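What follows is a short report on a single structure.
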Amino acid sequence: AGRGGWDMVLFPSPSVKRMLIAGLGIAMAQQAVGIDAIQYFLLYIIEEAGVMDRSAQTGILIALGLMKLVFIIVGGKLFDRRGRRPLFFVSLCGMTAALLLLSINFFGESHSSGLAIFGLAAYLSFFSVGMGPGAWLIPSEVFANAIRAKAMSVATFLNRVVATLMTSTFLSTANAMSWAGFFFLLSVICVIVLAFVYFYLPETKGRSLEDMSLYFAEITGDRSILEAEAKMAREREARFHAENASTPSFEPVTVRSQQIRNAEALKEAKVTGTMA
(Lines give C-alpha, C1' and ligand atoms only; values in the text may rest on other atoms or scores of the structure.)
Protein backbone atom coordinates (compact mmCIF):
# COMPACT_ATOMS: atom_id res chain seq x y z
CA ALA A 1 0.00 0.00 0.00
CA GLY A 2 2.98 2.29 0.45
CA ARG A 3 4.00 2.08 -3.18
CA GLY A 4 2.97 4.68 -5.68
CA GLY A 5 3.81 6.28 -9.00
CA TRP A 6 5.44 4.10 -11.62
CA ASP A 7 6.01 1.28 -9.13
CA MET A 8 2.31 0.46 -9.21
CA VAL A 9 2.39 0.22 -13.01
CA LEU A 10 5.73 -1.54 -13.51
CA PHE A 11 5.38 -3.91 -10.54
CA PRO A 12 1.59 -4.24 -10.25
CA SER A 13 -0.35 -6.03 -7.56
CA PRO A 14 -2.97 -8.59 -8.73
CA SER A 15 -5.79 -6.02 -8.86
CA VAL A 16 -3.70 -3.44 -10.72
CA LYS A 17 -2.42 -6.14 -13.08
CA ARG A 18 -6.00 -7.04 -14.00
CA MET A 19 -6.74 -3.36 -14.66
CA LEU A 20 -3.68 -3.10 -16.88
CA ILE A 21 -4.59 -6.25 -18.80
CA ALA A 22 -8.03 -4.84 -19.59
CA GLY A 23 -6.96 -1.26 -20.37
CA LEU A 24 -3.66 -1.88 -22.15
CA GLY A 25 -4.99 -4.96 -23.91
CA ILE A 26 -7.91 -3.19 -25.56
CA ALA A 27 -5.67 -0.24 -26.54
CA MET A 28 -3.28 -2.59 -28.36
CA ALA A 29 -6.12 -4.66 -29.80
CA GLN A 30 -7.54 -1.59 -31.55
CA GLN A 31 -4.48 -1.50 -33.81
CA ALA A 32 -3.89 -5.25 -33.96
CA VAL A 33 -7.07 -5.64 -36.03
CA GLY A 34 -5.32 -3.66 -38.77
CA ILE A 35 -7.31 -0.43 -38.90
CA ASP A 36 -4.43 2.01 -39.44
CA ALA A 37 -2.68 -0.30 -41.87
CA ILE A 38 -5.81 -0.66 -43.99
CA GLN A 39 -6.57 3.06 -43.87
CA TYR A 40 -3.03 4.06 -44.85
CA PHE A 41 -3.04 1.68 -47.84
CA LEU A 42 -6.72 2.01 -48.69
CA LEU A 43 -5.98 3.41 -52.14
CA TYR A 44 -3.57 0.56 -52.83
CA ILE A 45 -6.22 -2.00 -51.85
CA ILE A 46 -8.82 -0.31 -54.06
CA GLU A 47 -6.42 -0.49 -57.00
CA GLU A 48 -5.76 -4.16 -56.29
CA ALA A 49 -9.53 -4.70 -56.38
CA GLY A 50 -9.58 -3.37 -59.93
CA VAL A 51 -10.68 0.27 -59.54
CA MET A 52 -8.14 2.21 -61.61
CA ASP A 53 -10.01 5.43 -62.45
CA ARG A 54 -8.70 8.30 -60.30
CA SER A 55 -12.03 10.10 -59.96
CA ALA A 56 -13.72 6.84 -58.93
CA GLN A 57 -10.98 6.18 -56.38
CA THR A 58 -11.42 9.67 -54.93
CA GLY A 59 -15.18 9.24 -54.68
CA ILE A 60 -14.79 5.87 -52.94
CA LEU A 61 -12.29 7.27 -50.42
CA ILE A 62 -14.58 10.20 -49.60
CA ALA A 63 -17.59 7.91 -49.23
CA LEU A 64 -15.70 5.50 -46.95
CA GLY A 65 -14.44 8.40 -44.82
CA LEU A 66 -17.93 9.87 -44.41
CA MET A 67 -19.36 6.44 -43.59
CA LYS A 68 -16.72 5.94 -40.91
CA LEU A 69 -17.53 9.34 -39.40
CA VAL A 70 -21.26 8.61 -39.29
CA PHE A 71 -20.79 5.26 -37.56
CA ILE A 72 -18.40 6.78 -34.99
CA ILE A 73 -21.21 9.16 -34.01
CA VAL A 74 -23.68 6.27 -33.90
CA GLY A 75 -21.29 4.21 -31.78
CA GLY A 76 -20.73 7.09 -29.37
CA LYS A 77 -24.47 7.31 -28.71
CA LEU A 78 -24.99 3.55 -28.44
CA PHE A 79 -22.18 3.03 -25.90
CA ASP A 80 -24.21 4.73 -23.17
CA ARG A 81 -27.48 3.09 -24.18
CA ARG A 82 -26.43 -0.50 -24.88
CA GLY A 83 -23.25 -0.85 -22.87
CA ARG A 84 -19.64 -1.40 -23.81
CA ARG A 85 -19.36 -5.18 -24.13
CA PRO A 86 -22.34 -5.68 -26.51
CA LEU A 87 -20.98 -3.08 -28.93
CA PHE A 88 -17.52 -4.64 -28.82
CA PHE A 89 -19.06 -8.01 -29.70
CA VAL A 90 -21.06 -6.54 -32.58
CA SER A 91 -18.03 -4.62 -33.82
CA LEU A 92 -15.63 -7.56 -33.76
CA CYS A 93 -18.10 -10.05 -35.24
CA GLY A 94 -18.90 -7.62 -38.07
CA MET A 95 -15.22 -6.95 -38.73
CA THR A 96 -14.48 -10.67 -38.81
CA ALA A 97 -17.22 -11.25 -41.37
CA ALA A 98 -16.07 -8.29 -43.48
CA LEU A 99 -12.44 -9.48 -43.48
CA LEU A 100 -13.50 -13.02 -44.42
CA LEU A 101 -15.50 -11.54 -47.30
CA LEU A 102 -12.43 -9.60 -48.46
CA SER A 103 -10.30 -12.73 -48.15
CA ILE A 104 -12.71 -14.75 -50.28
CA ASN A 105 -12.95 -11.94 -52.81
CA PHE A 106 -9.17 -11.70 -53.25
CA PHE A 107 -8.76 -15.47 -53.48
CA GLY A 108 -7.77 -16.49 -56.98
CA GLU A 109 -7.06 -14.32 -60.00
CA SER A 110 -10.40 -12.57 -60.55
CA HIS A 111 -11.59 -9.95 -58.03
CA SER A 112 -14.91 -8.19 -57.73
CA SER A 113 -14.33 -4.48 -57.16
CA GLY A 114 -17.88 -4.02 -55.90
CA LEU A 115 -17.50 -6.81 -53.36
CA ALA A 116 -14.14 -5.42 -52.23
CA ILE A 117 -15.59 -1.92 -51.68
CA PHE A 118 -18.54 -3.40 -49.80
CA GLY A 119 -16.17 -5.42 -47.59
CA LEU A 120 -14.02 -2.38 -46.83
CA ALA A 121 -17.10 -0.28 -46.05
CA ALA A 122 -18.42 -2.97 -43.69
CA TYR A 123 -15.05 -3.32 -41.98
CA LEU A 124 -14.68 0.43 -41.39
CA SER A 125 -18.29 0.79 -40.25
CA PHE A 126 -18.16 -2.05 -37.73
CA PHE A 127 -14.82 -0.80 -36.44
CA SER A 128 -16.26 2.68 -35.89
CA VAL A 129 -19.23 1.35 -33.94
CA GLY A 130 -17.16 -0.40 -31.26
CA MET A 131 -13.42 -0.85 -31.48
CA GLY A 132 -12.79 2.72 -32.65
CA PRO A 133 -14.17 4.84 -29.80
CA GLY A 134 -14.37 2.00 -27.27
CA ALA A 135 -10.65 1.30 -27.19
CA TRP A 136 -10.07 4.77 -25.72
CA LEU A 137 -13.17 4.77 -23.54
CA ILE A 138 -12.37 1.55 -21.64
CA PRO A 139 -8.90 2.54 -20.35
CA SER A 140 -10.30 5.81 -19.00
CA GLU A 141 -12.96 3.85 -17.12
CA VAL A 142 -10.93 0.98 -15.65
CA PHE A 143 -7.72 2.69 -14.51
CA ALA A 144 -7.95 3.81 -10.88
CA ASN A 145 -6.91 7.34 -9.95
CA ALA A 146 -3.72 6.03 -8.34
CA ILE A 147 -2.40 4.82 -11.73
CA ARG A 148 -4.64 6.71 -14.13
CA ALA A 149 -2.22 9.22 -15.69
CA LYS A 150 0.71 6.85 -16.05
CA ALA A 151 -1.39 3.90 -17.24
CA MET A 152 -3.09 6.05 -19.89
CA SER A 153 0.30 7.20 -21.18
CA VAL A 154 1.44 3.57 -21.44
CA ALA A 155 -1.81 2.62 -23.22
CA THR A 156 -1.31 5.41 -25.76
CA PHE A 157 2.33 4.42 -26.30
CA LEU A 158 1.50 0.73 -26.85
CA ASN A 159 -1.36 1.65 -29.19
CA ARG A 160 1.01 3.59 -31.42
CA VAL A 161 3.71 0.91 -31.24
CA VAL A 162 1.28 -1.74 -32.50
CA ALA A 163 0.03 0.69 -35.17
CA THR A 164 3.62 1.23 -36.35
CA LEU A 165 4.31 -2.49 -36.49
CA MET A 166 1.13 -3.20 -38.42
CA THR A 167 1.59 -0.43 -40.97
CA SER A 168 5.31 -1.03 -41.50
CA THR A 169 4.80 -4.74 -42.22
CA PHE A 170 1.48 -4.44 -44.08
CA LEU A 171 2.66 -4.63 -47.68
CA SER A 172 5.45 -7.13 -47.09
CA THR A 173 3.10 -9.44 -45.20
CA ALA A 174 0.38 -9.11 -47.84
CA ASN A 175 2.88 -9.88 -50.61
CA ALA A 176 4.23 -12.87 -48.72
CA MET A 177 0.81 -14.32 -47.80
CA SER A 178 -1.29 -12.94 -50.69
CA TRP A 179 -4.13 -10.49 -50.05
CA ALA A 180 -6.52 -13.33 -49.34
CA GLY A 181 -4.18 -14.79 -46.72
CA PHE A 182 -3.54 -11.43 -45.11
CA PHE A 183 -7.21 -10.55 -44.71
CA PHE A 184 -7.84 -14.02 -43.33
CA LEU A 185 -5.04 -13.44 -40.78
CA LEU A 186 -6.71 -10.20 -39.69
CA SER A 187 -10.02 -12.03 -39.27
CA VAL A 188 -8.30 -14.54 -36.98
CA ILE A 189 -6.87 -11.66 -34.94
CA CYS A 190 -10.39 -10.25 -34.60
CA VAL A 191 -11.59 -13.59 -33.21
CA ILE A 192 -8.71 -13.59 -30.69
CA VAL A 193 -9.59 -10.04 -29.64
CA LEU A 194 -13.23 -11.12 -29.31
CA ALA A 195 -12.17 -13.87 -26.88
CA PHE A 196 -10.07 -11.35 -24.95
CA VAL A 197 -13.05 -9.00 -24.62
CA TYR A 198 -15.28 -11.85 -23.47
CA PHE A 199 -12.93 -13.08 -20.73
CA TYR A 200 -11.10 -9.94 -19.56
CA LEU A 201 -13.17 -6.85 -20.31
CA PRO A 202 -15.76 -5.91 -17.67
CA GLU A 203 -18.88 -3.90 -18.37
CA THR A 204 -18.21 -0.31 -17.28
CA LYS A 205 -21.51 1.31 -18.22
CA GLY A 206 -22.92 3.31 -15.30
CA ARG A 207 -20.03 2.43 -12.98
CA SER A 208 -17.74 4.96 -11.34
CA LEU A 209 -13.97 4.64 -10.99
CA GLU A 210 -14.50 3.66 -7.35
CA ASP A 211 -16.90 0.91 -8.42
CA MET A 212 -14.36 -0.43 -10.90
CA SER A 213 -11.57 -0.38 -8.32
CA LEU A 214 -13.79 -2.36 -5.97
CA TYR A 215 -14.66 -4.78 -8.80
CA PHE A 216 -11.00 -5.54 -9.56
CA ALA A 217 -10.22 -5.84 -5.86
CA GLU A 218 -13.03 -8.37 -5.41
CA ILE A 219 -12.24 -10.59 -8.41
CA THR A 220 -8.54 -10.77 -7.49
CA GLY A 221 -8.87 -10.81 -3.70
CA ASP A 222 -6.36 -7.95 -3.56
CA ARG A 223 -7.34 -4.76 -1.74
CA SER A 224 -4.06 -2.91 -2.26
CA ILE A 225 -5.58 -0.64 -4.90
CA LEU A 226 -8.35 0.36 -2.47
CA GLU A 227 -5.73 1.15 0.18
CA ALA A 228 -3.76 3.23 -2.35
CA GLU A 229 -6.92 5.14 -3.29
CA ALA A 230 -7.75 5.75 0.38
CA LYS A 231 -4.20 7.00 1.00
CA MET A 232 -4.47 9.42 -1.93
CA ALA A 233 -7.78 10.72 -0.56
CA ARG A 234 -6.23 11.31 2.88
CA GLU A 235 -3.27 13.13 1.34
CA ARG A 236 -5.55 15.38 -0.71
CA GLU A 237 -7.61 16.18 2.37
CA ALA A 238 -4.49 16.95 4.40
CA ARG A 239 -3.18 19.29 1.68
CA PHE A 240 -6.56 21.01 1.49
CA HIS A 241 -6.66 21.66 5.25
CA ALA A 242 -3.03 22.80 5.25
CA GLU A 243 -3.65 25.29 2.44
CA ASN A 244 -6.78 26.64 4.11
CA ALA A 245 -5.03 26.96 7.46
CA SER A 246 -2.21 29.03 5.93
CA THR A 247 -4.54 31.28 3.91
CA PRO A 248 -5.86 34.45 5.66
CA SER A 249 -9.60 34.54 6.00
CA PHE A 250 -11.31 37.18 3.91
CA GLU A 251 -14.92 38.15 3.77
CA PRO A 252 -16.39 36.21 0.85
CA VAL A 253 -17.41 38.48 -1.99
CA THR A 254 -20.69 37.41 -3.52
CA VAL A 255 -21.97 38.55 -6.87
CA ARG A 256 -24.70 40.61 -5.18
CA SER A 257 -22.32 42.36 -2.77
CA GLN A 258 -19.96 43.16 -5.64
CA GLN A 259 -22.84 44.66 -7.61
CA ILE A 260 -23.78 46.86 -4.63
CA ARG A 261 -20.18 48.06 -4.27
CA ASN A 262 -20.00 48.85 -7.99
CA ALA A 263 -23.25 50.80 -7.79
CA GLU A 264 -21.99 52.80 -4.78
CA ALA A 265 -18.71 53.56 -6.56
CA LEU A 266 -20.61 54.72 -9.65
CA LYS A 267 -22.88 56.93 -7.51
CA GLU A 268 -19.89 58.53 -5.81
CA ALA A 269 -18.27 59.17 -9.21
CA LYS A 270 -21.46 60.91 -10.43
CA VAL A 271 -21.61 63.07 -7.30
CA THR A 272 -17.94 64.04 -7.68
CA GLY A 273 -18.51 64.89 -11.33
CA THR A 274 -21.54 67.08 -10.48
CA MET A 275 -19.63 68.97 -7.79
CA ALA A 276 -16.79 69.59 -10.19
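Here's how to read the names in the C-alpha coordinates: chain A, B, ... by the order shown, residue numbers from 1 in each chain, ligand numbers from 1 in the order shown.
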
Excluding same-chain residues fewer than 5 positions from A:Asp80, what lies within 12 Å of it counting only C-alpha atoms, as a count of residues only? 13

Would you mind listing what lies within 8 Å of stretch 49-59 of chain A as a PDB file with N, CA and C atoms, in the first residue's frame, with only C-alpha atoms counted and same-chain residues fewer than 2 positions away left out?
ATOM      1  N   LEU A  43      -6.037   3.181 -50.696  1.00  0.00           N
ATOM      2  CA  LEU A  43      -5.984   3.412 -52.138  1.00  0.00           C
ATOM      3  C   LEU A  43      -5.312   2.243 -52.861  1.00  0.00           C
ATOM      4  N   ILE A  45      -5.295  -0.865 -51.865  1.00  0.00           N
ATOM      5  CA  ILE A  45      -6.223  -2.001 -51.850  1.00  0.00           C
ATOM      6  C   ILE A  45      -7.300  -1.823 -52.910  1.00  0.00           C
ATOM      7  N   ILE A  46      -7.797  -0.585 -53.052  1.00  0.00           N
ATOM      8  CA  ILE A  46      -8.824  -0.307 -54.059  1.00  0.00           C
ATOM      9  C   ILE A  46      -8.279  -0.590 -55.466  1.00  0.00           C
ATOM     10  N   GLU A  47      -7.034  -0.206 -55.697  1.00  0.00           N
ATOM     11  CA  GLU A  47      -6.415  -0.491 -57.001  1.00  0.00           C
ATOM     12  C   GLU A  47      -6.266  -1.989 -57.222  1.00  0.00           C
ATOM     13  N   LEU A  61     -12.977   6.872 -51.647  1.00  0.00           N
ATOM     14  CA  LEU A  61     -12.288   7.266 -50.417  1.00  0.00           C
ATOM     15  C   LEU A  61     -13.112   8.257 -49.607  1.00  0.00           C
ATOM     16  N   ILE A  62     -13.734   9.226 -50.296  1.00  0.00           N
ATOM     17  CA  ILE A  62     -14.575  10.200 -49.595  1.00  0.00           C
ATOM     18  C   ILE A  62     -15.789   9.516 -48.976  1.00  0.00           C
ATOM     19  N   ALA A  63     -16.409   8.616 -49.730  1.00  0.00           N
ATOM     20  CA  ALA A  63     -17.594   7.909 -49.226  1.00  0.00           C
ATOM     21  C   ALA A  63     -17.248   7.044 -48.013  1.00  0.00           C
ATOM     22  N   PHE A 106     -10.520 -11.797 -52.688  1.00  0.00           N
ATOM     23  CA  PHE A 106      -9.174 -11.702 -53.250  1.00  0.00           C
ATOM     24  C   PHE A 106      -8.544 -13.073 -53.516  1.00  0.00           C
ATOM     25  N   HIS A 111     -11.062 -10.635 -59.207  1.00  0.00           N
ATOM     26  CA  HIS A 111     -11.586  -9.947 -58.032  1.00  0.00           C
ATOM     27  C   HIS A 111     -12.795  -9.119 -58.428  1.00  0.00           C
ATOM     28  N   SER A 112     -13.749  -9.050 -57.527  1.00  0.00           N
ATOM     29  CA  SER A 112     -14.910  -8.192 -57.734  1.00  0.00           C
ATOM     30  C   SER A 112     -14.663  -6.868 -57.021  1.00  0.00           C
ATOM     31  N   SER A 113     -14.575  -5.790 -57.777  1.00  0.00           N
ATOM     32  CA  SER A 113     -14.326  -4.483 -57.160  1.00  0.00           C
ATOM     33  C   SER A 113     -15.493  -4.064 -56.266  1.00  0.00           C
ATOM     34  N   ALA A 116     -15.258  -5.930 -53.034  1.00  0.00           N
ATOM     35  CA  ALA A 116     -14.144  -5.418 -52.233  1.00  0.00           C
ATOM     36  C   ALA A 116     -14.518  -4.102 -51.547  1.00  0.00           C
TER      37      ALA A 116
END

Non-local contacts of A:Leu100 (10 Å; only C-alpha atoms; under 5 positions in same chain excluded) as a PyMOL selection string: chain A and resi 94-95+105-106+119+180-181+183-188

Take the residues just selected and output them with N, CA and C atoms as a PDB file, in the first residue's frame.
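The new file again25.pdb reads:
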ATOM      1  N   GLY A  94     -18.724  -8.238 -36.753  1.00  0.00           N
ATOM      2  CA  GLY A  94     -18.902  -7.623 -38.069  1.00  0.00           C
ATOM      3  C   GLY A  94     -17.587  -7.471 -38.806  1.00  0.00           C
ATOM      4  N   MET A  95     -16.526  -7.077 -38.106  1.00  0.00           N
ATOM      5  CA  MET A  95     -15.216  -6.945 -38.731  1.00  0.00           C
ATOM      6  C   MET A  95     -14.691  -8.301 -39.210  1.00  0.00           C
ATOM      7  N   ASN A 105     -12.927 -12.710 -51.576  1.00  0.00           N
ATOM      8  CA  ASN A 105     -12.951 -11.943 -52.811  1.00  0.00           C
ATOM      9  C   ASN A 105     -11.581 -11.895 -53.490  1.00  0.00           C
ATOM     10  N   PHE A 106     -10.520 -11.797 -52.688  1.00  0.00           N
ATOM     11  CA  PHE A 106      -9.174 -11.702 -53.250  1.00  0.00           C
ATOM     12  C   PHE A 106      -8.544 -13.073 -53.516  1.00  0.00           C
ATOM     13  N   GLY A 119     -16.884  -4.845 -48.728  1.00  0.00           N
ATOM     14  CA  GLY A 119     -16.174  -5.425 -47.591  1.00  0.00           C
ATOM     15  C   GLY A 119     -15.405  -4.371 -46.807  1.00  0.00           C
ATOM     16  N   ALA A 180      -5.521 -12.445 -49.953  1.00  0.00           N
ATOM     17  CA  ALA A 180      -6.516 -13.334 -49.337  1.00  0.00           C
ATOM     18  C   ALA A 180      -6.014 -13.850 -47.996  1.00  0.00           C
ATOM     19  N   GLY A 181      -4.757 -14.269 -47.960  1.00  0.00           N
ATOM     20  CA  GLY A 181      -4.180 -14.787 -46.718  1.00  0.00           C
ATOM     21  C   GLY A 181      -4.062 -13.714 -45.655  1.00  0.00           C
ATOM     22  N   PHE A 183      -5.909 -10.889 -45.281  1.00  0.00           N
ATOM     23  CA  PHE A 183      -7.213 -10.548 -44.713  1.00  0.00           C
ATOM     24  C   PHE A 183      -7.745 -11.674 -43.830  1.00  0.00           C
ATOM     25  N   PHE A 184      -7.432 -12.906 -44.192  1.00  0.00           N
ATOM     26  CA  PHE A 184      -7.836 -14.023 -43.330  1.00  0.00           C
ATOM     27  C   PHE A 184      -7.102 -13.953 -41.992  1.00  0.00           C
ATOM     28  N   LEU A 185      -5.808 -13.594 -42.017  1.00  0.00           N
ATOM     29  CA  LEU A 185      -5.044 -13.439 -40.777  1.00  0.00           C
ATOM     30  C   LEU A 185      -5.662 -12.373 -39.884  1.00  0.00           C
ATOM     31  N   LEU A 186      -6.071 -11.256 -40.469  1.00  0.00           N
ATOM     32  CA  LEU A 186      -6.708 -10.202 -39.689  1.00  0.00           C
ATOM     33  C   LEU A 186      -8.029 -10.675 -39.087  1.00  0.00           C
ATOM     34  N   SER A 187      -8.764 -11.499 -39.811  1.00  0.00           N
ATOM     35  CA  SER A 187     -10.025 -12.028 -39.267  1.00  0.00           C
ATOM     36  C   SER A 187      -9.762 -12.938 -38.070  1.00  0.00           C
ATOM     37  N   VAL A 188      -8.682 -13.696 -38.124  1.00  0.00           N
ATOM     38  CA  VAL A 188      -8.302 -14.542 -36.983  1.00  0.00           C
ATOM     39  C   VAL A 188      -7.935 -13.675 -35.781  1.00  0.00           C
TER      40      VAL A 188
END

With a distance cut-off of 12 Å and only C-alpha atoms, select the neighbouring residues of A:Lys150, excluding the residue or stretch itself and same-chain residues fewer than 4 positions from it, and output the selection as a PyMOL selection string. chain A and resi 4-10+20+23-24+139-140+143-146+154-157

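Closest to A:Met67 among A:Pro202, A:Ser178, A:Phe127, A:Leu158 is A:Phe127, based on only C-alpha atoms.
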
What is the atom CA of A:Gly132 to atom CA of A:Ile72 distance in Å? 7.3 Å

Find the residue from A:Ala22, A:Ile38, A:Leu209, A:Ile189 that sits nearest to A:Glu229; use only C-alpha atoms when measuring.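 Of the candidates, the smallest distance to A:Glu229 is held by A:Leu209.
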
Using only C-alpha atoms: which of A:Ser128, A:Thr164, A:Ser213, A:Gln30 has the shortest distance to A:Leu226: A:Ser213

For atom CA of A:Leu165 and atom CA of A:Phe41, the interatomic separation in Å (one decimal):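 Atom CA of A:Leu165 sits 14.1 Å away from atom CA of A:Phe41.
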